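Q: What follows is start-v5.cif, mmCIF, C-alpha atoms.
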data_data
loop_
_atom_site.group_PDB
_atom_site.id
_atom_site.type_symbol
_atom_site.label_atom_id
_atom_site.label_comp_id
_atom_site.auth_asym_id
_atom_site.auth_seq_id
_atom_site.Cartn_x
_atom_site.Cartn_y
_atom_site.Cartn_z
ATOM 1 C CA MET A 1 0.000 0.000 0.000
ATOM 2 C CA SER A 2 1.102 3.622 0.276
ATOM 3 C CA GLU A 3 1.633 6.435 2.753
ATOM 4 C CA HIS A 4 0.502 10.028 2.305
ATOM 5 C CA LYS A 5 2.101 12.771 4.387
ATOM 6 C CA ALA A 6 1.340 16.354 5.246
ATOM 7 C CA THR A 7 3.407 18.615 7.475
ATOM 8 C CA ILE A 8 1.428 21.082 9.588
ATOM 9 C CA ARG A 9 3.259 24.078 11.069
ATOM 10 C CA TRP A 10 2.083 26.724 13.525
ATOM 11 C CA LYS A 11 4.084 29.177 15.623
ATOM 12 C CA ASP A 12 3.105 31.586 18.377
ATOM 13 C CA THR A 13 3.465 35.157 17.156
ATOM 14 C CA GLY A 14 3.903 36.602 20.627
ATOM 15 C CA THR A 15 0.243 37.209 21.364
ATOM 16 C CA ASP A 16 -1.682 36.321 24.513
ATOM 17 C CA PHE A 17 -1.782 32.567 23.987
ATOM 18 C CA LEU A 18 -2.968 31.616 27.478
ATOM 19 C CA LYS A 19 -6.019 33.858 27.133
ATOM 20 C CA GLY A 20 -6.929 32.384 23.744
ATOM 21 C CA ARG A 21 -5.974 35.528 21.835
ATOM 22 C CA TYR A 22 -3.617 34.089 19.239
ATOM 23 C CA SER A 23 -3.631 33.539 15.514
ATOM 24 C CA ARG A 24 -4.630 30.086 14.369
ATOM 25 C CA GLU A 25 -3.057 30.624 10.935
ATOM 26 C CA HIS A 26 -0.705 27.817 9.992
ATOM 27 C CA THR A 27 0.646 26.044 6.912
ATOM 28 C CA TRP A 28 0.171 22.691 5.267
ATOM 29 C CA ALA A 29 3.214 21.412 3.370
ATOM 30 C CA PHE A 30 3.043 18.428 1.043
ATOM 31 C CA ASP A 31 5.690 16.112 -0.362
ATOM 32 C CA GLY A 32 5.395 17.601 -3.852
ATOM 33 C CA GLY A 33 6.738 20.903 -2.498
ATOM 34 C CA ILE A 34 3.567 22.999 -2.284
ATOM 35 C CA THR A 35 2.751 24.862 0.918
ATOM 36 C CA ILE A 36 -0.757 26.137 1.564
ATOM 37 C CA ALA A 37 -1.832 28.824 4.018
ATOM 38 C CA ALA A 38 -4.430 27.370 6.362
ATOM 39 C CA SER A 39 -6.655 28.673 9.142
ATOM 40 C CA PRO A 40 -9.844 27.661 10.872
ATOM 41 C CA ALA A 41 -13.044 28.863 9.272
ATOM 42 C CA PRO A 42 -14.219 32.232 10.624
ATOM 43 C CA THR A 43 -17.471 30.469 11.583
ATOM 44 C CA SER A 44 -15.402 28.371 14.016
ATOM 45 C CA VAL A 45 -12.842 30.918 15.193
ATOM 46 C CA PRO A 46 -13.566 34.632 14.728
ATOM 47 C CA VAL A 47 -11.314 37.068 12.879
ATOM 48 C CA PRO A 48 -8.620 38.220 13.771
ATOM 49 C CA TYR A 49 -7.704 34.782 15.167
ATOM 50 C CA SER A 50 -8.635 33.143 11.852
ATOM 51 C CA ASN A 51 -8.056 34.280 8.295
ATOM 52 C CA PRO A 52 -10.885 33.826 5.758
ATOM 53 C CA ALA A 53 -8.360 34.079 2.887
ATOM 54 C CA CYS A 54 -6.767 30.790 3.939
ATOM 55 C CA VAL A 55 -8.004 27.267 3.292
ATOM 56 C CA ASP A 56 -9.815 25.825 6.298
ATOM 57 C CA PRO A 57 -9.940 22.124 7.228
ATOM 58 C CA GLU A 58 -13.644 21.869 6.374
ATOM 59 C CA GLU A 59 -13.057 23.227 2.860
ATOM 60 C CA ALA A 60 -10.101 20.891 2.401
ATOM 61 C CA PHE A 61 -12.230 17.947 3.509
ATOM 62 C CA VAL A 62 -14.957 18.811 0.991
ATOM 63 C CA ALA A 63 -12.350 19.366 -1.745
ATOM 64 C CA SER A 64 -10.693 16.011 -1.072
ATOM 65 C CA ILE A 65 -14.046 14.217 -1.390
ATOM 66 C CA ALA A 66 -14.923 16.046 -4.623
ATOM 67 C CA SER A 67 -11.440 15.549 -6.073
ATOM 68 C CA CYS A 68 -11.374 11.821 -5.322
ATOM 69 C CA HIS A 69 -14.852 11.398 -6.815
ATOM 70 C CA MET A 70 -13.821 13.275 -9.964
ATOM 71 C CA LEU A 71 -10.587 11.321 -10.430
ATOM 72 C CA THR A 72 -12.411 8.016 -9.997
ATOM 73 C CA PHE A 73 -15.176 9.156 -12.385
ATOM 74 C CA LEU A 74 -12.606 10.144 -15.034
ATOM 75 C CA PHE A 75 -10.892 6.764 -14.741
ATOM 76 C CA LEU A 76 -14.174 4.869 -15.039
ATOM 77 C CA ALA A 77 -15.422 7.014 -17.951
ATOM 78 C CA SER A 78 -12.184 6.443 -19.872
ATOM 79 C CA ARG A 79 -12.510 2.687 -19.333
ATOM 80 C CA ARG A 80 -16.064 2.785 -20.686
ATOM 81 C CA GLY A 81 -14.977 4.704 -23.793
ATOM 82 C CA PHE A 82 -16.510 8.078 -22.842
ATOM 83 C CA HIS A 83 -14.206 10.998 -23.642
ATOM 84 C CA VAL A 84 -14.567 13.603 -20.879
ATOM 85 C CA LEU A 85 -13.721 17.057 -22.187
ATOM 86 C CA HIS A 86 -14.230 18.990 -18.946
ATOM 87 C CA TYR A 87 -15.418 18.413 -15.393
ATOM 88 C CA SER A 88 -16.212 21.004 -12.727
ATOM 89 C CA ASP A 89 -17.867 20.675 -9.350
ATOM 90 C CA GLU A 90 -19.043 23.186 -6.783
ATOM 91 C CA ALA A 91 -19.176 20.785 -3.848
ATOM 92 C CA VAL A 92 -20.911 21.884 -0.640
ATOM 93 C CA GLY A 93 -20.301 20.449 2.807
ATOM 94 C CA VAL A 94 -22.790 20.965 5.632
ATOM 95 C CA MET A 95 -21.787 21.189 9.284
ATOM 96 C CA THR A 96 -24.269 19.936 11.853
ATOM 97 C CA LYS A 97 -23.971 18.595 15.386
ATOM 98 C CA ASN A 98 -23.815 14.880 16.048
ATOM 99 C CA GLU A 99 -25.643 12.998 18.813
ATOM 100 C CA LYS A 100 -23.016 14.216 21.326
ATOM 101 C CA GLY A 101 -23.487 17.839 20.266
ATOM 102 C CA ILE A 102 -20.121 17.956 18.495
ATOM 103 C CA PRO A 103 -19.983 19.745 15.119
ATOM 104 C CA TRP A 104 -19.068 17.600 12.131
ATOM 105 C CA VAL A 105 -19.344 17.673 8.357
ATOM 106 C CA SER A 106 -22.418 15.467 8.119
ATOM 107 C CA SER A 107 -23.020 15.701 4.376
ATOM 108 C CA VAL A 108 -21.320 16.718 1.180
ATOM 109 C CA ALA A 109 -23.290 17.385 -2.002
ATOM 110 C CA LEU A 110 -21.374 17.146 -5.240
ATOM 111 C CA HIS A 111 -22.642 19.197 -8.194
ATOM 112 C CA PRO A 112 -20.583 17.939 -11.129
ATOM 113 C CA LYS A 113 -20.927 19.547 -14.538
ATOM 114 C CA ILE A 114 -19.365 17.303 -17.160
ATOM 115 C CA GLY A 115 -18.828 17.760 -20.874
ATOM 116 C CA PHE A 116 -18.161 14.821 -23.168
ATOM 117 C CA GLN A 117 -16.891 14.802 -26.724
ATOM 118 C CA GLY A 118 -16.972 12.304 -29.526
ATOM 119 C CA GLU A 119 -19.609 10.011 -30.942
ATOM 120 C CA LYS A 120 -20.003 7.920 -27.818
ATOM 121 C CA GLN A 121 -22.050 9.944 -25.324
ATOM 122 C CA PRO A 122 -23.337 8.480 -22.050
ATOM 123 C CA THR A 123 -27.054 8.312 -21.425
ATOM 124 C CA ALA A 124 -28.345 9.878 -18.213
ATOM 125 C CA ALA A 125 -28.538 6.378 -16.720
ATOM 126 C CA GLU A 126 -24.946 5.571 -17.746
ATOM 127 C CA GLU A 127 -23.678 8.833 -16.277
ATOM 128 C CA ALA A 128 -25.569 8.159 -13.036
ATOM 129 C CA GLU A 129 -24.053 4.667 -12.915
ATOM 130 C CA LEU A 130 -20.568 6.127 -13.417
ATOM 131 C CA HIS A 131 -21.185 8.446 -10.457
ATOM 132 C CA HIS A 132 -22.447 5.531 -8.356
ATOM 133 C CA GLN A 133 -19.368 3.468 -9.203
ATOM 134 C CA ALA A 134 -17.088 6.456 -8.590
ATOM 135 C CA HIS A 135 -18.572 6.873 -5.126
ATOM 136 C CA GLU A 136 -18.212 3.160 -4.407
ATOM 137 C CA GLN A 137 -14.566 3.105 -5.515
ATOM 138 C CA CYS A 138 -13.336 6.490 -4.235
ATOM 139 C CA TYR A 139 -10.646 6.084 -1.545
ATOM 140 C CA ILE A 140 -11.852 9.071 0.434
ATOM 141 C CA SER A 141 -15.538 8.106 0.391
ATOM 142 C CA ASN A 142 -14.530 4.685 1.659
ATOM 143 C CA SER A 143 -12.673 6.344 4.546
ATOM 144 C CA ILE A 144 -15.428 8.559 5.968
ATOM 145 C CA LYS A 145 -18.878 8.375 7.523
ATOM 146 C CA THR A 146 -20.077 11.656 5.975
ATOM 147 C CA ALA A 147 -23.000 11.201 3.586
ATOM 148 C CA VAL A 148 -21.945 12.046 0.026
ATOM 149 C CA SER A 149 -24.502 12.681 -2.726
ATOM 150 C CA VAL A 150 -24.334 13.667 -6.372
ATOM 151 C CA VAL A 151 -26.937 16.313 -7.134
#
Please lay out the structure from this file as structure tokens.
A:
Amino acid sequence: MSEHKATIRWKDTGTDFLKGRYSREHTWAFDGGITIAASPAPTSVPVPYSNPACVDPEEAFVASIASCHMLTFLFLASRRGFHVLHYSDEAVGVMTKNEKGIPWVSSVALHPKIGFQGEKQPTAAEEAELHHQAHEQCYISNSIKTAVSVV
């Protein structure tokens, strides 16, 4: 199998840490060399202790689900002889509270818009089946309990 690593870095900027008045901005570094500015969502931690311009963990979670679904869909479509020309998705994750009152991302709705080219075009039923198979085979979807739907 394989390992996947991320390095998370945060440093106190000399603020009043013990009173909770400190920046939560941090970075995510990945093995390919990219570093991303990260912060909690302002809905979780108010500005100025969060930064809405940064990626937050909830957004990253939703993006990883949507990305895995898309990559699996593309693989399956290519195997079935459907030439995908473009694929976009404005995925939406919803935070709710679980039975213990703890917030969690309880659902993610994918909204894929896909363009195909060539003579072989999928029917609506074939496209729906590709999405079903993509969900069933996606590594991320198989790793979470969040409900994922294709709208």
Q: Using CA of Leu85 (chain A) and CA of Phe116 (chain A) as the two end points, give the distance in Å to one decimal.
A: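 Going from CA of Leu85 (chain A) over to CA of Phe116 (chain A) covers 5.1 Å.
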Q: So which residues touch Gly93 (chain A) within 10 Å, counting all atoms listed in the file, skipping near sequence neighbours fewer than 3 positions away, as a list in words?
A: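 My reading of the contact set: Glu58, Glu59, Phe61, Val62, Ala63, Ile65, Thr96, Trp104, Val105, Ser106, Ser107, Val108, Ala109, Leu110, Thr146, Ala147 and Val148 of chain A.
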Q: Using all atoms listed in the file, which residue out of A:His135, A:Lys120, A:Lys100, A:His26 lies closest to Ile8 (chain A)?
A: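 Of the candidates, the smallest distance to Ile8 (chain A) is held by A:His26.
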Q: Out of A:Ala66, A:Leu18, A:Val55, A:Leu130, which residue has the shortest atom-to-atom distance to Ile36 (chain A) when counting only C-alpha atoms?
A: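 Of the candidates, the smallest distance to Ile36 (chain A) is held by A:Val55.
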Q: Of the candidates A:Ala125, A:Pro52, A:Ala38, A:Ser64, which shows the shortest atom-to-atom distance to Ile140 (chain A), using all atoms listed in the file?
A: A:Ser64
Q: Using the chain letters and residue numbers of this document, give as a ChimeraX atom specification the residues selected by the PyMOL selection byres ((chain A and resi 54) around 12).
A: /A:24-28,35-42,47,49-53,55-60
Q: So, counting all atoms listed in the file, which residue among A:Cys138, A:Gly14, A:Ser149, A:Ala77 is closest to Glu126 (chain A)?
A: A:Ala77
Q: Could you tell me how far CA of Gly81 (chain A) sits from CA of Gly118 (chain A), in Å to one decimal place?
A: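 Computing the Euclidean distance for CA of Gly118 (chain A) and CA of Gly81 (chain A) yields 9.7 Å.
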Q: May I have the residues at most 10 Å from (-12.2, 2.5, -5.6) in the file's coordinates, counting only C-alpha atoms, as a PyMOL selection string?
A: chain A and resi 68-69+72-73+76+133-142
Q: Starting from the displayed file, determine the output of the PyMOL selection byres ((chain A and resi 89) around 7) and express the residue list as a ChimeraX atom specification.
A: /A:87-88,90-91,110-113
Q: One number please: CA of Asn98 (chain A) to CA of Ser44 (chain A), in Å, one decimal.
A: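 Interatomic distance, CA of Asn98 (chain A) to CA of Ser44 (chain A): 16.0 Å.
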Q: Between A:Glu3, A:Glu127, A:Glu99, A:Asp12, which is the closest to Gly115 (chain A) once you count all atoms listed in the file?
A: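 The shortest atom-to-atom distance to Gly115 (chain A) comes from A:Glu127.
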Q: Here is a test: counting all atoms listed in the file, which residue of A:Ala29, A:Ile34, A:Met1, A:Met70 is nearest to Ile114 (chain A)?
A: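 Of all the options, A:Met70 lies closest to Ile114 (chain A).
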Q: Considering all atoms listed in the file, return as a PyMOL selection string whatever protein or nucleic-acid residues lie within 9 Å of Pro48 (chain A), sequence-local ones (same chain, fewer than 4 positions apart) excluded.
A: chain A and resi 21-23+42
Q: Can you put N, CA and C atoms back into region 103-128 of chain A and show it as an mmCIF file, in the coordinates of the input?
A:
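Printed below is result-v5.cif as written:
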data_model
loop_
_atom_site.group_PDB
_atom_site.id
_atom_site.type_symbol
_atom_site.label_atom_id
_atom_site.label_comp_id
_atom_site.auth_asym_id
_atom_site.auth_seq_id
_atom_site.Cartn_x
_atom_site.Cartn_y
_atom_site.Cartn_z
ATOM 1 N N PRO A 103 -19.854 19.431 16.543
ATOM 2 C CA PRO A 103 -19.983 19.745 15.119
ATOM 3 C C PRO A 103 -19.174 18.775 14.253
ATOM 4 N N TRP A 104 -19.761 18.436 13.105
ATOM 5 C CA TRP A 104 -19.068 17.600 12.131
ATOM 6 C C TRP A 104 -19.619 17.886 10.749
ATOM 7 N N VAL A 105 -18.867 17.532 9.725
ATOM 8 C CA VAL A 105 -19.344 17.673 8.357
ATOM 9 C C VAL A 105 -20.191 16.436 8.083
ATOM 10 N N SER A 106 -21.504 16.609 8.201
ATOM 11 C CA SER A 106 -22.418 15.467 8.119
ATOM 12 C C SER A 106 -22.777 15.077 6.698
ATOM 13 N N SER A 107 -22.689 16.029 5.767
ATOM 14 C CA SER A 107 -23.020 15.701 4.376
ATOM 15 C C SER A 107 -22.223 16.577 3.421
ATOM 16 N N VAL A 108 -21.967 15.992 2.272
ATOM 17 C CA VAL A 108 -21.320 16.718 1.180
ATOM 18 C C VAL A 108 -22.128 16.437 -0.078
ATOM 19 N N ALA A 109 -22.560 17.505 -0.735
ATOM 20 C CA ALA A 109 -23.290 17.385 -2.002
ATOM 21 C C ALA A 109 -22.354 17.786 -3.133
ATOM 22 N N LEU A 110 -22.180 16.874 -4.053
ATOM 23 C CA LEU A 110 -21.374 17.146 -5.240
ATOM 24 C C LEU A 110 -22.309 17.636 -6.346
ATOM 25 N N HIS A 111 -21.856 18.626 -7.097
ATOM 26 C CA HIS A 111 -22.642 19.197 -8.194
ATOM 27 C C HIS A 111 -21.811 19.180 -9.481
ATOM 28 N N PRO A 112 -21.452 17.990 -9.954
ATOM 29 C CA PRO A 112 -20.583 17.939 -11.129
ATOM 30 C C PRO A 112 -21.269 18.401 -12.403
ATOM 31 N N LYS A 113 -20.525 19.126 -13.195
ATOM 32 C CA LYS A 113 -20.927 19.547 -14.538
ATOM 33 C C LYS A 113 -19.868 18.954 -15.468
ATOM 34 N N ILE A 114 -20.303 18.065 -16.353
ATOM 35 C CA ILE A 114 -19.365 17.303 -17.160
ATOM 36 C C ILE A 114 -19.698 17.480 -18.631
ATOM 37 N N GLY A 115 -18.677 17.702 -19.425
ATOM 38 C CA GLY A 115 -18.828 17.760 -20.874
ATOM 39 C C GLY A 115 -18.091 16.592 -21.503
ATOM 40 N N PHE A 116 -18.743 15.944 -22.445
ATOM 41 C CA PHE A 116 -18.161 14.821 -23.168
ATOM 42 C C PHE A 116 -17.978 15.211 -24.620
ATOM 43 N N GLN A 117 -17.051 14.567 -25.286
ATOM 44 C CA GLN A 117 -16.891 14.802 -26.724
ATOM 45 C C GLN A 117 -16.793 13.468 -27.436
ATOM 46 N N GLY A 118 -17.048 13.509 -28.717
ATOM 47 C CA GLY A 118 -16.972 12.304 -29.526
ATOM 48 C C GLY A 118 -18.340 11.707 -29.786
ATOM 49 N N GLU A 119 -18.347 10.653 -30.569
ATOM 50 C CA GLU A 119 -19.609 10.011 -30.942
ATOM 51 C C GLU A 119 -20.257 9.285 -29.783
ATOM 52 N N LYS A 120 -19.450 8.698 -28.920
ATOM 53 C CA LYS A 120 -20.003 7.920 -27.818
ATOM 54 C C LYS A 120 -20.311 8.853 -26.642
ATOM 55 N N GLN A 121 -21.585 9.089 -26.411
ATOM 56 C CA GLN A 121 -22.050 9.944 -25.324
ATOM 57 C C GLN A 121 -22.825 9.090 -24.323
ATOM 58 N N PRO A 122 -22.594 9.280 -23.017
ATOM 59 C CA PRO A 122 -23.337 8.480 -22.050
ATOM 60 C C PRO A 122 -24.797 8.927 -21.954
ATOM 61 N N THR A 123 -25.671 7.967 -21.736
ATOM 62 C CA THR A 123 -27.054 8.312 -21.425
ATOM 63 C C THR A 123 -27.086 8.836 -20.000
ATOM 64 N N ALA A 124 -28.208 9.405 -19.597
ATOM 65 C CA ALA A 124 -28.345 9.878 -18.213
ATOM 66 C C ALA A 124 -28.153 8.717 -17.241
ATOM 67 N N ALA A 125 -28.676 7.558 -17.589
ATOM 68 C CA ALA A 125 -28.538 6.378 -16.720
ATOM 69 C C ALA A 125 -27.083 5.924 -16.643
ATOM 70 N N GLU A 126 -26.366 5.966 -17.757
ATOM 71 C CA GLU A 126 -24.946 5.571 -17.746
ATOM 72 C C GLU A 126 -24.109 6.549 -16.937
ATOM 73 N N GLU A 127 -24.418 7.833 -17.061
ATOM 74 C CA GLU A 127 -23.678 8.833 -16.277
ATOM 75 C C GLU A 127 -23.961 8.654 -14.793
ATOM 76 N N ALA A 128 -25.216 8.405 -14.443
ATOM 77 C CA ALA A 128 -25.569 8.159 -13.036
ATOM 78 C C ALA A 128 -24.852 6.921 -12.511
#
